[in-house]
Amino acid sequence: MRRLRTAFQVLVVAAVAVTGVRHALGWSMTTIEKYCPFGGLETAYALVTRQKFTCAAGELNLALFLALILLTLLARKAFCGWVCPLGAVLEWWGRLGRRWLRFSSFDGWWRPSDRTRKVLQTVLRSVVLAAVLAATWATGELVFRGYDPYYILFSAHGHDVMFWSYFILGGLLALGLAMPMAWCKYLCPLGAALWPASKPGLLRLRRSPDHCTECGACDDACPQSLPVSSVMEVRSGECTLCFECTAACPVAGALELRAPGGKP
Amino acid sequence: MRVPPWTVPLLVLLCAALGLAGARFLVRPSVVLDLAQAPSDADLRTTVLVVGGLFCVDTAERAAGQLDGLPGVVRFTAYASRNRAEVLYDPAVATAETIRKAIEGPVYDKETGEFLFGLYRVVEADGVKYSAP
Ligand code: SF4
Ligand code: SF4
């Protein structure tokens with residue numbers, strides 16, 4: 001599963017990077033925004049109130065956003081762990097940080113309590129989401145571009161990317177070394193938007209106390225820093241079903257993917 | 001109920017396919033501008049253009065401005081995310097070629113008072129490719 005997931009991530013990152021460079025060189029009119037599901041959410045208000053799309057967003061963004069909601073209702077934040085190119089790059093970057101700075105887990109230098117993490121996640125990401133949506137809906141423009149790490153990273157110096165945009169990206173990368181995947185955990189507006197659909201998500205990992213030796217390897221392997229070893233089921237809306245925990249678990253059958261119903 | 005892990009990538013692929021295929025049912029224009037009243041007896045035609053430089057609502061509205069006042073042009077509809085414009089015109093007065101040239105012509109920038117050249121390039125008109133984007 002790990003190899004398959006890495007293959008998904010590499011393919012998406014390569015496709016988006018090539019799209020960005022081709023557009024920047026004038027070889028193609030397809031921008032990296034075309035397939036971004038977050039654009040679907042950004043344009044939703046204009047679509048409801050004026051029956052028109054916002055700025056460069058279009059029907060593909062909206063359709064992909066709706067499909068993403070469906071995926072999230074079924075498989076939690078699988079998009080973040082399997083598809084999101086920014087999530088992939090930040091995960092690889094976080095792994096590098098872990099190795100260089102010898103962190104034992106994806107928490108990095110700061111290991112907040114679960115409660116603190118949840119509060120921070122909710123507050124910070126909701127503020128970012130509210131600010132982005134309010135600005136987009138008020139102006140009818142995708143004003144977030146110059147601040148959006150996805151756009152800055154992959155657009156090959158696209159429209160609206162300023163020199164200070166690279167400071168934002170550099171800052172997030174520096175943060176991502178010290179606190180692996182800090183953007184995904186604490187700031188990503190799409191992560192905030194998906195949470196209500198992800199929390200009741202159908203698929204979930206279940207830990208079998210009969211098999212589990214409580215070694216904690218799953219906790220350290222989880223890119224989202226979820227406390228896998230202390231719950232019976234991972235019901236967190238943050239789980240990306242990346243299967244890093246199952247790969248790290250030394251006991252076969254201790255962690256299994258489950259859907260409601262059937263045999264317990 | 002136990003579920004095999006490959007269900008997750010399978011769902012990812014299915015939902016991606018659903019999103020890509022479902023987009024066609026959500027098509028809405030970014031800009032629709034009625035530029036002139038058509039004579040009631042006119043036999044109107046539509047020319048479909050793929051325009052380099054038309055990628056958002058602003059650039060679509062600017063492109064529409066290029067046709068403002070052009071005789072025979074009735075309506076301009078743009079689909080910014082597809083770089084696509086559909087122009088309804090009266091073939092007794094205008095031609096697809098004059099429309100194409102008008103869109104590609106110099107653009108007057110109200111803010112600076114200058115003319116901007118090469119802002120739009122028609123790369124495809126009614127299925128005929130003209131140039132690279
Ligand atoms: S709990 Fe397991 S599957 Fe969920 S995000 Fe953490 S490592 Fe990935
Ligand atoms: S890695 Fe496996 S055995 Fe260790 S605590 Fe997690 S579920 Fe239990």
# chains A, B, ... in the order shown; residues from 1 in each chain; ligands from 1
call {"tool": "residues_around", "arguments": {"residues": "range 61-63 of chain B", "least_positions_apart": "6", "cutoff": "10 Å", "atoms": "only C-alpha atoms", "output": "MDAnalysis selection string"}}
result
chainID B and resid 30:33 51 53:54 76:78 80 85 102:105 107:109 119:120
call {"tool": "interface_residues", "arguments": {"of": "chain B", "to": "chain A", "cutoff": "8 Å", "atoms": "only C-alpha atoms", "output": "NGL selection string"}}
result
:B and (1-6 or 8-9 or 11-12 or 15-16 or 18-20 or 22-24 or 26-31 or 52 or 55-58 or 79-83 or 132-133)
call {"tool": "residues_near_ligand", "arguments": {"ligand": "ligand 2", "cutoff": "9 Å", "atoms": "only C-alpha atoms and all ligand atoms", "output": "list in words"}}
result
Arg206, Arg207, Ser208, Pro209, His211, Cys212, Thr213, Glu214, Cys215, Gly216, Ala217, Cys218, Asp219, Asp220, Ala221, Val228, Ser229, Ser230, Cys245, Thr246, Ala247, Ala248, Cys249, Pro250, Val251, Ala252, Gly253, Ala254 and Leu255 of chain A
call {"tool": "select_by_dssp", "arguments": {"residues": "chain B", "states": "alpha helix (DSSP H)", "output": "MDAnalysis selection string"}}
result
chainID B and resid 7:22 57:67 96:104
call {"tool": "residues_around", "arguments": {"residues": "Trp109 in chain A", "least_positions_apart": "6", "cutoff": "9 Å", "atoms": "only C-alpha atoms", "output": "NGL selection string"}}
result
:A and (101 or 103 or 178-179)
call {"tool": "residues_around", "arguments": {"residues": "Pro39 in chain B", "least_positions_apart": "3", "cutoff": "10 Å", "atoms": "only C-alpha atoms", "output": "list in words"}}
result
Ala36, Ala42, Asp43, Leu44, Gly72, Val74 and Asp90 of chain B
call {"tool": "residues_around", "arguments": {"residues": "Glu91 in chain A", "least_positions_apart": "2", "cutoff": "9 Å", "atoms": "only C-alpha atoms", "output": "list in words"}}
result
Gly81, Leu86, Gly87, Ala88, Val89, Trp93, Gly94, Arg95, Leu96, Gly176, Pro180, Met181 and Pro223 of chain A
call {"tool": "write_last_selection", "arguments": {"atoms": "N, CA, C and O atoms", "output": "PDB file, in the first residue's frame"}}
result
ATOM      1  N   GLY A  81      -3.988  12.384   1.664  1.00  0.00           N
ATOM      2  CA  GLY A  81      -2.899  11.410   1.741  1.00  0.00           C
ATOM      3  C   GLY A  81      -2.553  10.762   0.416  1.00  0.00           C
ATOM      4  O   GLY A  81      -1.443  10.243   0.250  1.00  0.00           O
ATOM      5  N   LEU A  86       0.406  19.191  -2.862  1.00  0.00           N
ATOM      6  CA  LEU A  86       1.079  19.969  -1.813  1.00  0.00           C
ATOM      7  C   LEU A  86       1.273  19.099  -0.581  1.00  0.00           C
ATOM      8  O   LEU A  86       2.352  19.103   0.029  1.00  0.00           O
ATOM      9  N   GLY A  87       0.243  18.331  -0.246  1.00  0.00           N
ATOM     10  CA  GLY A  87       0.344  17.417   0.891  1.00  0.00           C
ATOM     11  C   GLY A  87       1.491  16.433   0.694  1.00  0.00           C
ATOM     12  O   GLY A  87       2.230  16.126   1.632  1.00  0.00           O
ATOM     13  N   ALA A  88       1.646  15.939  -0.545  1.00  0.00           N
ATOM     14  CA  ALA A  88       2.710  14.975  -0.840  1.00  0.00           C
ATOM     15  C   ALA A  88       4.087  15.610  -0.624  1.00  0.00           C
ATOM     16  O   ALA A  88       4.945  15.050   0.067  1.00  0.00           O
ATOM     17  N   VAL A  89       4.268  16.800  -1.213  1.00  0.00           N
ATOM     18  CA  VAL A  89       5.579  17.466  -1.086  1.00  0.00           C
ATOM     19  C   VAL A  89       5.868  17.772   0.374  1.00  0.00           C
ATOM     20  O   VAL A  89       6.987  17.557   0.870  1.00  0.00           O
ATOM     21  N   TRP A  93       8.893  16.388   2.599  1.00  0.00           N
ATOM     22  CA  TRP A  93       9.720  17.398   3.262  1.00  0.00           C
ATOM     23  C   TRP A  93       9.758  17.137   4.769  1.00  0.00           C
ATOM     24  O   TRP A  93      10.816  17.235   5.414  1.00  0.00           O
ATOM     25  N   GLY A  94       8.602  16.806   5.324  1.00  0.00           N
ATOM     26  CA  GLY A  94       8.511  16.508   6.762  1.00  0.00           C
ATOM     27  C   GLY A  94       9.345  15.293   7.132  1.00  0.00           C
ATOM     28  O   GLY A  94       9.975  15.247   8.189  1.00  0.00           O
ATOM     29  N   ARG A  95       9.352  14.298   6.250  1.00  0.00           N
ATOM     30  CA  ARG A  95      10.169  13.096   6.504  1.00  0.00           C
ATOM     31  C   ARG A  95      11.651  13.457   6.543  1.00  0.00           C
ATOM     32  O   ARG A  95      12.420  12.956   7.368  1.00  0.00           O
ATOM     33  N   LEU A  96      12.025  14.340   5.608  1.00  0.00           N
ATOM     34  CA  LEU A  96      13.408  14.810   5.566  1.00  0.00           C
ATOM     35  C   LEU A  96      13.755  15.514   6.880  1.00  0.00           C
ATOM     36  O   LEU A  96      14.808  15.272   7.472  1.00  0.00           O
ATOM     37  N   GLY A 176       7.697  23.515   8.189  1.00  0.00           N
ATOM     38  CA  GLY A 176       7.459  22.100   7.898  1.00  0.00           C
ATOM     39  C   GLY A 176       8.640  21.208   8.263  1.00  0.00           C
ATOM     40  O   GLY A 176       8.474  19.990   8.382  1.00  0.00           O
ATOM     41  N   PRO A 180       6.763  18.889  11.116  1.00  0.00           N
ATOM     42  CA  PRO A 180       6.372  18.262   9.851  1.00  0.00           C
ATOM     43  C   PRO A 180       4.869  18.363   9.570  1.00  0.00           C
ATOM     44  O   PRO A 180       4.048  18.116  10.448  1.00  0.00           O
ATOM     45  N   MET A 181       4.570  18.784   8.354  1.00  0.00           N
ATOM     46  CA  MET A 181       3.198  18.907   7.861  1.00  0.00           C
ATOM     47  C   MET A 181       2.364  19.926   8.642  1.00  0.00           C
ATOM     48  O   MET A 181       1.140  19.787   8.761  1.00  0.00           O
ATOM     49  N   PRO A 223       1.536  10.528   9.889  1.00  0.00           N
ATOM     50  CA  PRO A 223       1.884  11.882   9.449  1.00  0.00           C
ATOM     51  C   PRO A 223       0.981  12.945  10.065  1.00  0.00           C
ATOM     52  O   PRO A 223       1.362  14.105  10.178  1.00  0.00           O
TER      53      PRO A 223
END
call {"tool": "decode", "arguments": {"residues": "range 15-26 of chain B", "atoms": "all heavy atoms", "output": "JSON list (two decimals), in the first residue's frame"}}
result
[["chain", "number", "residue", "atom", "x", "y", "z"],
["B", 15, "CYS", "N", -13.86, 8.38, -7.60],
["B", 15, "CYS", "CA", -14.35, 9.75, -7.36],
["B", 15, "CYS", "C", -13.69, 10.74, -8.32],
["B", 15, "CYS", "O", -14.34, 11.68, -8.78],
["B", 15, "CYS", "CB", -14.11, 10.15, -5.90],
["B", 15, "CYS", "SG", -15.23, 9.29, -4.80],
["B", 16, "ALA", "N", -12.40, 10.53, -8.63],
["B", 16, "ALA", "CA", -11.73, 11.42, -9.59],
["B", 16, "ALA", "C", -12.42, 11.30, -10.95],
["B", 16, "ALA", "O", -12.70, 12.30, -11.62],
["B", 16, "ALA", "CB", -10.25, 11.06, -9.71],
["B", 17, "ALA", "N", -12.73, 10.06, -11.35],
["B", 17, "ALA", "CA", -13.40, 9.84, -12.64],
["B", 17, "ALA", "C", -14.78, 10.49, -12.63],
["B", 17, "ALA", "O", -15.20, 11.12, -13.61],
["B", 17, "ALA", "CB", -13.51, 8.35, -12.93],
["B", 18, "LEU", "N", -15.46, 10.36, -11.49],
["B", 18, "LEU", "CA", -16.79, 10.95, -11.36],
["B", 18, "LEU", "C", -16.72, 12.47, -11.51],
["B", 18, "LEU", "O", -17.54, 13.09, -12.21],
["B", 18, "LEU", "CB", -17.37, 10.58, -9.99],
["B", 18, "LEU", "CG", -18.84, 10.83, -9.77],
["B", 18, "LEU", "CD1", -19.65, 9.83, -10.59],
["B", 18, "LEU", "CD2", -19.19, 10.67, -8.29],
["B", 19, "GLY", "N", -15.73, 13.07, -10.86],
["B", 19, "GLY", "CA", -15.56, 14.53, -10.95],
["B", 19, "GLY", "C", -15.24, 14.97, -12.37],
["B", 19, "GLY", "O", -15.82, 15.93, -12.89],
["B", 20, "LEU", "N", -14.34, 14.26, -13.02],
["B", 20, "LEU", "CA", -13.94, 14.63, -14.38],
["B", 20, "LEU", "C", -15.12, 14.47, -15.35],
["B", 20, "LEU", "O", -15.35, 15.31, -16.21],
["B", 20, "LEU", "CB", -12.75, 13.78, -14.85],
["B", 20, "LEU", "CG", -11.44, 14.02, -14.09],
["B", 20, "LEU", "CD1", -10.39, 12.99, -14.49],
["B", 20, "LEU", "CD2", -10.91, 15.43, -14.36],
["B", 21, "ALA", "N", -15.86, 13.38, -15.17],
["B", 21, "ALA", "CA", -16.97, 13.12, -16.09],
["B", 21, "ALA", "C", -18.17, 14.02, -15.78],
["B", 21, "ALA", "O", -18.89, 14.43, -16.69],
["B", 21, "ALA", "CB", -17.39, 11.66, -16.00],
["B", 22, "GLY", "N", -18.34, 14.33, -14.49],
["B", 22, "GLY", "CA", -19.53, 15.10, -14.09],
["B", 22, "GLY", "C", -19.44, 16.58, -14.44],
["B", 22, "GLY", "O", -20.45, 17.28, -14.43],
["B", 23, "ALA", "N", -18.24, 17.06, -14.74],
["B", 23, "ALA", "CA", -18.07, 18.50, -15.00],
["B", 23, "ALA", "C", -18.98, 18.98, -16.12],
["B", 23, "ALA", "O", -19.50, 20.10, -16.06],
["B", 23, "ALA", "CB", -16.60, 18.78, -15.33],
["B", 24, "ARG", "N", -19.21, 18.14, -17.10],
["B", 24, "ARG", "CA", -19.98, 18.59, -18.27],
["B", 24, "ARG", "C", -21.42, 18.99, -17.92],
["B", 24, "ARG", "O", -22.05, 19.73, -18.64],
["B", 24, "ARG", "CB", -19.98, 17.51, -19.35],
["B", 24, "ARG", "CG", -20.84, 16.32, -18.99],
["B", 24, "ARG", "CD", -20.88, 15.31, -20.10],
["B", 24, "ARG", "NE", -19.57, 14.70, -20.27],
["B", 24, "ARG", "CZ", -19.31, 13.78, -21.15],
["B", 24, "ARG", "NH1", -20.22, 13.39, -21.99],
["B", 24, "ARG", "NH2", -18.10, 13.23, -21.23],
["B", 25, "PHE", "N", -21.90, 18.46, -16.77],
["B", 25, "PHE", "CA", -23.28, 18.79, -16.38],
["B", 25, "PHE", "C", -23.36, 20.10, -15.59],
["B", 25, "PHE", "O", -24.43, 20.54, -15.23],
["B", 25, "PHE", "CB", -23.87, 17.65, -15.54],
["B", 25, "PHE", "CG", -23.87, 16.34, -16.28],
["B", 25, "PHE", "CD1", -22.98, 15.33, -15.95],
["B", 25, "PHE", "CD2", -24.74, 16.14, -17.34],
["B", 25, "PHE", "CE1", -22.96, 14.13, -16.65],
["B", 25, "PHE", "CE2", -24.74, 14.94, -18.05],
["B", 25, "PHE", "CZ", -23.84, 13.94, -17.71],
["B", 26, "LEU", "N", -22.21, 20.67, -15.31],
["B", 26, "LEU", "CA", -22.20, 21.89, -14.48],
["B", 26, "LEU", "C", -21.73, 23.12, -15.26],
["B", 26, "LEU", "O", -21.46, 24.16, -14.67],
["B", 26, "LEU", "CB", -21.27, 21.67, -13.28],
["B", 26, "LEU", "CG", -21.68, 20.52, -12.33],
["B", 26, "LEU", "CD1", -20.56, 20.23, -11.35],
["B", 26, "LEU", "CD2", -22.95, 20.88, -11.58]]
